[in-house]
Each structure stands twice: as C-alpha cells, then as structure tokens.
$ cat input15.pdb   # PDB, C-alpha atoms
ATOM      1  CA  MET D  56       0.000   0.000   0.000
ATOM      2  CA  SER D  57       1.312   3.429  -0.881
ATOM      3  CA  TYR D  58       2.092   6.053   1.730
ATOM      4  CA  ARG D  59      -0.952   8.075   0.650
ATOM      5  CA  LEU D  60      -3.311   5.123   1.130
ATOM      6  CA  GLU D  61      -1.732   4.219   4.479
ATOM      7  CA  LYS D  62      -2.107   7.789   5.716
ATOM      8  CA  PHE D  63      -5.719   7.925   4.501
ATOM      9  CA  ALA D  64      -6.522   4.563   6.132
ATOM     10  CA  SER D  65      -4.969   5.644   9.421
ATOM     11  CA  THR D  66      -6.848   8.950   9.475
ATOM     12  CA  LEU D  67     -10.102   7.235   8.556
ATOM     13  CA  GLN D  68      -9.623   4.634  11.296
ATOM     14  CA  GLN D  69      -8.904   7.244  13.968
ATOM     15  CA  SER D  70     -11.845   9.412  12.949
ATOM     16  CA  MET D  71     -14.239   6.460  12.848
ATOM     17  CA  ALA D  72     -13.094   5.235  16.257
ATOM     18  CA  GLU D  73     -13.751   8.680  17.677
ATOM     19  CA  ILE D  74     -17.202   8.838  16.087
ATOM     20  CA  LEU D  75     -18.179   5.384  17.340
ATOM     21  CA  SER D  76     -16.965   5.989  20.871
ATOM     22  CA  ARG D  77     -18.154   9.569  21.382
ATOM     23  CA  GLU D  78     -20.986  10.369  19.006
ATOM     24  CA  SER D  79     -22.862   7.098  18.655
ATOM     25  CA  LEU D  80     -25.894   6.694  20.874
ATOM     26  CA  ASN D  81     -26.269   2.983  20.114
ATOM     27  CA  PRO D  82     -24.634   0.834  22.834
ATOM     28  CA  GLU D  83     -24.150  -2.107  20.437
ATOM     29  CA  ILE D  84     -22.094   0.022  18.065
ATOM     30  CA  ARG D  85     -19.897   1.126  20.945
ATOM     31  CA  LEU D  86     -18.905  -2.538  21.434
ATOM     32  CA  ALA D  87     -17.123  -2.557  18.067
ATOM     33  CA  THR D  88     -13.389  -2.012  17.886
ATOM     34  CA  ILE D  89     -11.984  -0.874  14.567
ATOM     35  CA  LEU D  90      -8.874  -2.916  13.893
ATOM     36  CA  ARG D  91      -7.946  -1.685  10.433
ATOM     37  CA  VAL D  92      -9.296   0.079   7.377
ATOM     38  CA  VAL D  93      -8.385  -0.997   3.859
ATOM     39  CA  PRO D  94      -9.314   1.627   1.260
ATOM     40  CA  ALA D  95      -9.650   0.879  -2.444
ATOM     41  CA  VAL D  96      -7.025   2.441  -4.689
ATOM     42  CA  ASP D  97      -9.541   4.955  -6.066
ATOM     43  CA  LEU D  98     -10.750   5.799  -2.497
ATOM     44  CA  LYS D  99     -14.379   5.142  -3.469
ATOM     45  CA  ARG D 100     -14.751   2.216  -1.052
ATOM     46  CA  ALA D 101     -13.206   1.321   2.296
ATOM     47  CA  THR D 102     -13.422  -2.047   4.030
ATOM     48  CA  VAL D 103     -13.516  -1.618   7.802
ATOM     49  CA  PHE D 104     -12.390  -4.650   9.812
ATOM     50  CA  ILE D 105     -13.907  -4.780  13.282
ATOM     51  CA  ALA D 106     -13.788  -6.950  16.375
ATOM     52  CA  CYS D 107     -16.550  -7.274  18.936
ATOM     53  CA  PRO D 108     -17.435  -9.524  21.878
ATOM     54  CA  ALA D 109     -18.390 -13.093  21.043
ATOM     55  CA  GLY D 110     -22.073 -13.589  20.390
ATOM     56  CA  THR D 111     -22.705  -9.982  19.368
ATOM     57  CA  GLU D 112     -21.118 -10.105  15.921
ATOM     58  CA  GLU D 113     -24.319 -10.245  13.854
ATOM     59  CA  ALA D 114     -26.095  -7.540  15.843
ATOM     60  CA  VAL D 115     -23.097  -5.212  15.738
ATOM     61  CA  LEU D 116     -22.614  -5.689  11.980
ATOM     62  CA  GLU D 117     -26.315  -4.981  11.349
ATOM     63  CA  GLN D 118     -26.187  -1.845  13.497
ATOM     64  CA  LEU D 119     -23.025  -0.607  11.789
ATOM     65  CA  ALA D 120     -24.502  -1.223   8.343
ATOM     66  CA  GLY D 121     -27.578   0.748   9.384
ATOM     67  CA  ALA D 122     -25.472   3.568  10.799
ATOM     68  CA  ALA D 123     -23.113   3.742   7.797
ATOM     69  CA  GLY D 124     -24.846   6.886   6.500
ATOM     70  CA  PHE D 125     -24.502   8.633   9.869
ATOM     71  CA  ILE D 126     -20.852   7.597  10.156
ATOM     72  CA  LYS D 127     -20.151   8.746   6.593
ATOM     73  CA  LYS D 128     -21.795  12.123   7.287
ATOM     74  CA  GLN D 129     -19.746  12.607  10.462
ATOM     75  CA  LEU D 130     -16.558  11.625   8.613
ATOM     76  CA  ALA D 131     -17.348  14.156   5.879
ATOM     77  CA  GLN D 132     -17.461  16.891   8.524
ATOM     78  CA  LYS D 133     -14.076  15.845   9.937
ATOM     79  CA  MET D 134     -12.215  15.093   6.710
ATOM     80  CA  ILE D 135     -12.033  17.191   3.573
ATOM     81  CA  LEU D 136     -12.374  14.872   0.595
ATOM     82  CA  ARG D 137     -13.859  15.117  -2.850
ATOM     83  CA  TYR D 138     -15.634  11.782  -2.345
ATOM     84  CA  MET D 139     -16.344  10.074   0.940
ATOM     85  CA  PRO D 140     -15.781   6.336   0.481
ATOM     86  CA  GLU D 141     -18.551   3.795   0.820
ATOM     87  CA  LEU D 142     -18.019   1.978   4.119
ATOM     88  CA  VAL D 143     -18.191  -1.820   4.177
ATOM     89  CA  PHE D 144     -18.000  -3.389   7.629
ATOM     90  CA  THR D 145     -16.697  -6.914   8.115
ATOM     91  CA  LEU D 146     -15.469  -9.026  11.005
ATOM     92  CA  ASP D 147     -11.740  -9.542  11.307
ATOM     93  CA  ALA D 148     -11.198 -13.289  11.569
ATOM     94  CA  THR D 149      -7.714 -12.871  13.066
ATOM     95  CA  ALA D 150      -9.126 -11.111  16.129
ATOM     96  CA  ASN D 151     -11.583 -13.936  16.777
ATOM     97  CA  LEU D 152      -8.807 -16.471  16.284
ATOM     98  CA  GLY D 153      -6.618 -14.602  18.774
ATOM     99  CA  MET D 154      -9.412 -14.553  21.347
ATOM    100  CA  ARG D 155      -9.944 -18.289  20.847
ATOM    101  CA  LEU D 156      -6.212 -18.939  21.325
ATOM    102  CA  ASP D 157      -6.283 -16.910  24.543
ATOM    103  CA  GLU D 158      -9.112 -19.118  25.778
ATOM    104  CA  LEU D 159      -7.176 -22.290  24.956
ATOM    105  CA  LYS D 160      -3.811 -21.139  26.305
ATOM    106  CA  PRO D 161      -4.505 -21.857  30.006
ATOM    107  CA  ARG D 162      -5.478 -25.425  29.130
ATOM    108  CA  ALA D 163      -2.250 -26.189  27.270
ATOM    109  CA  ALA D 164       0.728 -27.679  29.111
ATOM    110  CA  PHE D 165       3.994 -26.005  28.233
ATOM    111  CA  PRO D 166       7.459 -27.439  28.978
ATOM    112  CA  GLY D 167       8.919 -25.883  32.084
ATOM    113  CA  GLU D 168       5.637 -25.472  33.917
ATOM    114  CA  ASN D 169       4.788 -27.357  37.103
ATOM    115  CA  GLY D 170       8.329 -28.716  37.453
ATOM    116  CA  THR D 171       8.182 -30.834  34.297
ATOM    117  CA  ASP D 172      11.175 -29.180  32.663
ATOM    118  CA  ASP D 173      13.944 -31.600  31.644
ATOM    119  CA  GLU D 174      16.610 -29.263  33.005
ATOM    120  CA  ALA D 175      14.943 -29.213  36.408
ATOM    121  CA  ALA D 176      14.976 -33.013  36.454
ATOM    122  CA  ASP D 177      18.755 -33.076  35.752
ATOM    123  CA  ARG D 178      19.575 -30.940  38.799
TER     124      ARG D 178
END

$ encode --input "input15.pdb" --output "structure tokens"
Amino acid sequence: MSYRLEKFASTLQQSMAEILSRESLNPEIRLATILRVVPAVDLKRATVFIACPAGTEEAVLEQLAGAAGFIKKQLAQKMILRYMPELVFTLDATANLGMRLDELKPRAAFPGENGTDDEAADR
C-alpha cells in the first residue's frame, strides 16, 4: 500500500473510532473495535475490519450497516475529501482467532511449567 493510502486509512480509522466511541448513541455500536481500514485504490470504497465480543457479531454488523450513513456524514465533517468512500463493515477473523487462542492457552501444558522441565529433572 502506498504512503498516501496508508495515511488515509490511518486517518479514517482514527476518525471512525472517535465517532463510534463519542458520538454514537447505540450501545451495540460502541462494542465494536476498529482494527484496520483498507481503502480501495480509487478511495471510493473502504473495508472496515472490526472486532466485537463473542455472540454480538451479527447484531453489531447490522447496526453498523444501518449507521453507515450517519458515520459517513460525520466523517465528511471531519475530513475534507472530494468523495467520501462507501463503508463496508466486516469481522476480522484474526481477532476472533486470537481470542480463541487466549481461551485455549490456560489449558495447554507447556514445557517448564509445574516442574516438568527436563533441566529441572537433571539438577
């Protein structure tokens, strides 16, 4: 991604996070965390990857899709652009995978824990 697109994506992400946390009245939308924004090369469309608590994914995506016009209007007031990109919200699978790994980590037995390390046995 070019520097211009990276800068645009970063600015868009920061502005959207501010709008969702401060200006949104919907509590379900406030649950969403914007992880990254990937704009199209022509800046007409931007894919917004979000993470949200397990079990609320569908509701949050529906609410964000419904509030896309409001978010776009608020972004237009903050950013000066010829065209405001169409916002497409999607879940970031890597965030859900990371949360699942965090859940499984305490169950896994790692070498060196609970005195099972081979070096400890040699001493």

$ residues_around --input "input15.pdb" --residues "segment 101-116 of chain D" --least-positions-apart "4" --cutoff "8 Å" --atoms "all atoms listed in the file" --output "list in words"
Glu83, Ile84, Leu86, Ala87, Thr88, Ile89, Leu90, Arg91, Val92, Val93, Pro94, Ala95, Ala120, Pro140, Glu141, Leu142, Val143, Phe144, Thr145, Leu146, Asp147, Ala150 and Asn151 of chain D

$ residues_around --input "input15.pdb" --residues "Phe63 of chain D" --least-positions-apart "4" --cutoff "9 Å" --atoms "all atoms listed in the file" --output "list in words"
Tyr58, Arg59, Leu67, Gln68, Pro94 and Leu98 of chain D

$ axis_aligned_box --input "input15.pdb" --around "segment 135-146 of chain D" --padding-each-side "4 Å" --output "JSON"
{"center_x": -15.3, "center_y": 4.1, "center_z": 4.1, "size_x": 14.5, "size_y": 34.2, "size_z": 21.9}

$ resolve_selection --input "input15.pdb" --expression "the PyMOL selection byres ((chain D and resi 71-73) around 9)" --output "number ranges by chain"
D: 66-70, 74-78, 87-89, 126-127, 129-130

$ atom_distance --input "input15.pdb" --atom1 "atom CA of Arg137 of chain D" --atom2 "atom CA of Asn81 of chain D"
28.8 Å

$ closest_residue --input "input15.pdb" --among "D:Ala148, D:Leu136, D:Leu60, D:Glu158" --to "Val96 of chain D" --atoms "all atoms listed in the file"
D:Leu60

$ build_atoms --input "input15.pdb" --residues "segment 65-98 of chain D" --atoms "N, CA and C atoms" --output "CSV table (one decimal), in the frame of the given file"
chain,number,residue,atom,x,y,z
D,65,SER,N,-5.2,5.3,8.0
D,65,SER,CA,-5.0,5.6,9.4
D,65,SER,C,-5.9,6.8,9.9
D,66,THR,N,-6.0,7.8,9.1
D,66,THR,CA,-6.8,9.0,9.5
D,66,THR,C,-8.3,8.5,9.5
D,67,LEU,N,-8.7,7.7,8.6
D,67,LEU,CA,-10.1,7.2,8.6
D,67,LEU,C,-10.4,6.4,9.8
D,68,GLN,N,-9.5,5.5,10.1
D,68,GLN,CA,-9.6,4.6,11.3
D,68,GLN,C,-9.7,5.4,12.6
D,69,GLN,N,-8.9,6.4,12.8
D,69,GLN,CA,-8.9,7.2,14.0
D,69,GLN,C,-10.2,8.0,14.1
D,70,SER,N,-10.6,8.6,12.9
D,70,SER,CA,-11.8,9.4,12.9
D,70,SER,C,-13.1,8.5,13.2
D,71,MET,N,-13.1,7.4,12.6
D,71,MET,CA,-14.2,6.5,12.8
D,71,MET,C,-14.3,6.0,14.3
D,72,ALA,N,-13.1,5.7,14.9
D,72,ALA,CA,-13.1,5.2,16.3
D,72,ALA,C,-13.6,6.3,17.2
D,73,GLU,N,-13.3,7.6,16.9
D,73,GLU,CA,-13.8,8.7,17.7
D,73,GLU,C,-15.3,8.8,17.5
D,74,ILE,N,-15.8,8.7,16.3
D,74,ILE,CA,-17.2,8.8,16.1
D,74,ILE,C,-18.0,7.7,16.8
D,75,LEU,N,-17.5,6.5,16.7
D,75,LEU,CA,-18.2,5.4,17.3
D,75,LEU,C,-18.2,5.5,18.9
D,76,SER,N,-17.1,5.9,19.4
D,76,SER,CA,-17.0,6.0,20.9
D,76,SER,C,-17.6,7.2,21.5
D,77,ARG,N,-17.6,8.3,20.8
D,77,ARG,CA,-18.2,9.6,21.4
D,77,ARG,C,-19.5,10.0,20.9
D,78,GLU,N,-19.8,9.8,19.6
D,78,GLU,CA,-21.0,10.4,19.0
D,78,GLU,C,-22.1,9.4,18.8
D,79,SER,N,-21.8,8.1,18.9
D,79,SER,CA,-22.9,7.1,18.7
D,79,SER,C,-23.7,6.9,19.9
D,80,LEU,N,-25.0,6.9,19.7
D,80,LEU,CA,-25.9,6.7,20.9
D,80,LEU,C,-26.3,5.2,21.1
D,81,ASN,N,-25.9,4.4,20.1
D,81,ASN,CA,-26.3,3.0,20.1
D,81,ASN,C,-25.2,2.2,20.9
D,82,PRO,N,-25.6,1.6,22.0
D,82,PRO,CA,-24.6,0.8,22.8
D,82,PRO,C,-24.0,-0.4,22.1
D,83,GLU,N,-24.7,-1.0,21.2
D,83,GLU,CA,-24.2,-2.1,20.4
D,83,GLU,C,-23.0,-1.7,19.5
D,84,ILE,N,-23.2,-0.5,18.9
D,84,ILE,CA,-22.1,0.0,18.1
D,84,ILE,C,-20.9,0.4,18.9
D,85,ARG,N,-21.0,0.8,20.1
D,85,ARG,CA,-19.9,1.1,20.9
D,85,ARG,C,-19.1,-0.1,21.3
D,86,LEU,N,-19.6,-1.3,21.2
D,86,LEU,CA,-18.9,-2.5,21.4
D,86,LEU,C,-17.9,-2.8,20.4
D,87,ALA,N,-18.0,-2.3,19.2
D,87,ALA,CA,-17.1,-2.6,18.1
D,87,ALA,C,-15.8,-1.9,18.2
D,88,THR,N,-14.7,-2.6,17.9
D,88,THR,CA,-13.4,-2.0,17.9
D,88,THR,C,-12.9,-2.1,16.5
D,89,ILE,N,-12.5,-0.9,15.9
D,89,ILE,CA,-12.0,-0.9,14.6
D,89,ILE,C,-10.5,-1.3,14.6
D,90,LEU,N,-10.2,-2.4,13.9
D,90,LEU,CA,-8.9,-2.9,13.9
D,90,LEU,C,-8.0,-2.4,12.7
D,91,ARG,N,-8.7,-2.3,11.6
D,91,ARG,CA,-7.9,-1.7,10.4
D,91,ARG,C,-8.9,-1.3,9.4
D,92,VAL,N,-8.5,-0.4,8.5
D,92,VAL,CA,-9.3,0.1,7.4
D,92,VAL,C,-8.5,-0.1,6.1
D,93,VAL,N,-9.1,-0.7,5.1
D,93,VAL,CA,-8.4,-1.0,3.9
D,93,VAL,C,-9.1,-0.3,2.8
D,94,PRO,N,-8.6,0.9,2.3
D,94,PRO,CA,-9.3,1.6,1.3
D,94,PRO,C,-9.0,1.1,-0.1
D,95,ALA,N,-9.9,1.2,-1.1
D,95,ALA,CA,-9.6,0.9,-2.4
D,95,ALA,C,-8.7,1.9,-3.0
D,96,VAL,N,-8.0,1.6,-4.1
D,96,VAL,CA,-7.0,2.4,-4.7
D,96,VAL,C,-7.6,3.8,-5.1
D,97,ASP,N,-8.9,3.7,-5.6
D,97,ASP,CA,-9.5,5.0,-6.1
D,97,ASP,C,-10.2,5.7,-4.9
D,98,LEU,N,-10.2,5.2,-3.7
D,98,LEU,CA,-10.8,5.8,-2.5
D,98,LEU,C,-12.3,5.9,-2.5
